[in-house]
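Enquirer: I'd like to ask you about the structure that follows.
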Amino acid sequence: MKKLYGVIGLGRFGGSICKELSKEGGEVLALDLDEDKVNEYKEIASDAVIADSTDELALKELGFRNLDHVIVAIGDNIHASILTTLLLREIGVKRITVKAQNDYHEKILQKIGADEIVHPERDMGKRIAHSIISSNVLDYLELSDEYSVVEIKAGEKMQGKTLLELDIRAKYGCNVVAIKRGKEINVSPMADEQIMYEDILIIIGADKDISRFEKALVIED
Ligand code: ATP
């Protein structure tokens, strides 16, 4: 059965989620207070409505309780974002993802039971900073406040060496969880695996350890 999504708040973030979910064939109910935004998404989403998401009755009448996954993408109005999340939880939405504006907002969202909390600006800022530090850092994904996963293109310092020789776990406390070579992906590579030029390494570790690893082996002099 087709998954039913709801997107509340059609700013740049919510709007982009709405477009992408619709493009991938999802059934999307888009909602915003702003009539112009709603008109913009009338042709894109399965349905686009003008409503205030802090109005419990409106959410009920629009059938939000039947949706599988709702994304709350209200930015500046933290109060509205929190109240909306609370109402969605109460009416029984199965899964709720909320965009958080700051750490204080995130803490409250955790307490009221948001399933996923995202910080698009902060996360994108981190990713871009890492790719600015080294163009070999292809992606940076935060797992928690302390741990991340990074995708790194093997540069000169790693080429031709085995994982055992590089000794990444002992020296830097990070784990190489996979190596991508062209279309092949080697999950849990063995210690004798030799790194080739332009291999892509997926590494997991504490941020401070990843930073030491990047300084030693990724950033080229
Ligand atoms: P962006 O994703 O563009 O960065 P933003 O973080 O600046 O957005 P806002 O522009 O503050 O977020 O809000 C996103 C959208 O949410 C706006 O289009 C706004 O009209 C809508 N919105 C705010 N409050 C409500 C509400 N109570 N009910 C429905 N929509 C709302």
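Following the order of the structure tokens, chains are lettered A, B, ..., residues in each are numbered from 1, and ligands are numbered from 1.
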Within 9 Å of A:Asn66, counting only C-alpha atoms, which residues show up once you throw out same-chain ones fewer than 3 positions away? Write them as a list in words, please.

Expert: Leu4, Gly63, Gly92, Val93 and Lys94 of chain A

Enquirer: Just the selected residues (all heavy atoms), exported as a tab-separated table (two decimals), in the first residue's frame, please.

Expert:
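Output file out_34.tsv is given in full below:
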```
chain	number	residue	atom	x	y	z
A	4	LEU	N	1.43	7.16	3.21
A	4	LEU	CA	0.80	8.48	3.25
A	4	LEU	C	1.64	9.42	4.12
A	4	LEU	O	1.91	9.13	5.28
A	4	LEU	CB	-0.61	8.38	3.84
A	4	LEU	CG	-1.55	7.38	3.17
A	4	LEU	CD1	-2.88	7.32	3.90
A	4	LEU	CD2	-1.79	7.79	1.71
A	63	GLY	N	-7.72	14.60	8.51
A	63	GLY	CA	-7.38	13.17	8.50
A	63	GLY	C	-5.92	12.88	8.81
A	63	GLY	O	-5.38	11.86	8.36
A	92	GLY	N	-2.38	10.32	17.19
A	92	GLY	CA	-1.96	8.96	16.83
A	92	GLY	C	-1.20	8.80	15.54
A	92	GLY	O	-1.19	7.72	14.96
A	93	VAL	N	-0.53	9.88	15.06
A	93	VAL	CA	0.31	9.74	13.87
A	93	VAL	C	1.43	8.75	14.20
A	93	VAL	O	2.04	8.83	15.27
A	93	VAL	CB	0.89	11.11	13.44
A	93	VAL	CG1	1.90	10.95	12.32
A	93	VAL	CG2	-0.23	12.04	13.02
A	94	LYS	N	1.71	7.83	13.26
A	94	LYS	CA	2.67	6.75	13.57
A	94	LYS	C	4.10	7.28	13.73
A	94	LYS	O	4.83	6.88	14.62
A	94	LYS	CB	2.64	5.71	12.45
A	94	LYS	CG	1.33	4.94	12.41
A	94	LYS	CD	1.40	3.82	11.37
A	94	LYS	CE	0.01	3.36	11.00
A	94	LYS	NZ	-0.62	4.16	9.93
```

Enquirer: At a cut-off of 8 Å and counting only C-alpha atoms and all ligand atoms, what residues surround ligand 1? Please answer as a ChimeraX atom specification.

Expert: /A:8-15,31-34,37,50-55,73-77,80-81,84,101

Enquirer: Quick one: distance from atom CA of A:Ile179 to atom CA of A:Ile202 in Å, one decimal?

Expert: 6.2 Å

Enquirer: Quick check for you: according to DSSP on this backbone, which residues of stretch 12-197 of chain A are classed as alpha helix (DSSP H)? Reply as a PyMOL selection string.

Expert: chain A and resi 12-23+35-41+56-61+78-91+103-111+120-133+163-166+168-172

Enquirer: Go through A:His79, A:Lys99, A:Lys2, A:Lys42 and flag the residue nearest A:Asp123, using only C-alpha atoms for the distances.

Expert: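 Among A:His79, A:Lys99, A:Lys2, A:Lys42, it is A:Lys99 that comes nearest to A:Asp123.
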
Enquirer: Looking at A:Lys208, A:Leu83, A:Glu193, A:Cys174, which one is nearest to A:Gln159, with distances taken over only C-alpha atoms?

Expert: A:Glu193

Enquirer: Pick from A:Cys18, A:Val72, A:Val187, A:Val118: nearest to A:Val38, with only C-alpha atoms counted?

Expert: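 The shortest atom-to-atom distance to A:Val38 comes from A:Cys18.
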
Enquirer: Env of A:Leu21: 9 Å cut, atoms = only C-alpha atoms, seq-sep filter 6 positions within chain, self excluded. Answer as a list in words.

Expert: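 Listed by chain and then number, they are Tyr5, Glu27, Val28 and Ala45 of chain A.
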
Enquirer: Could you state the separation of atom CA of A:Thr85 and atom CA of A:Tyr104 in Å, given to one decimal place?

Expert: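 Between atom CA of A:Thr85 and atom CA of A:Tyr104 the gap works out to 15.1 Å.
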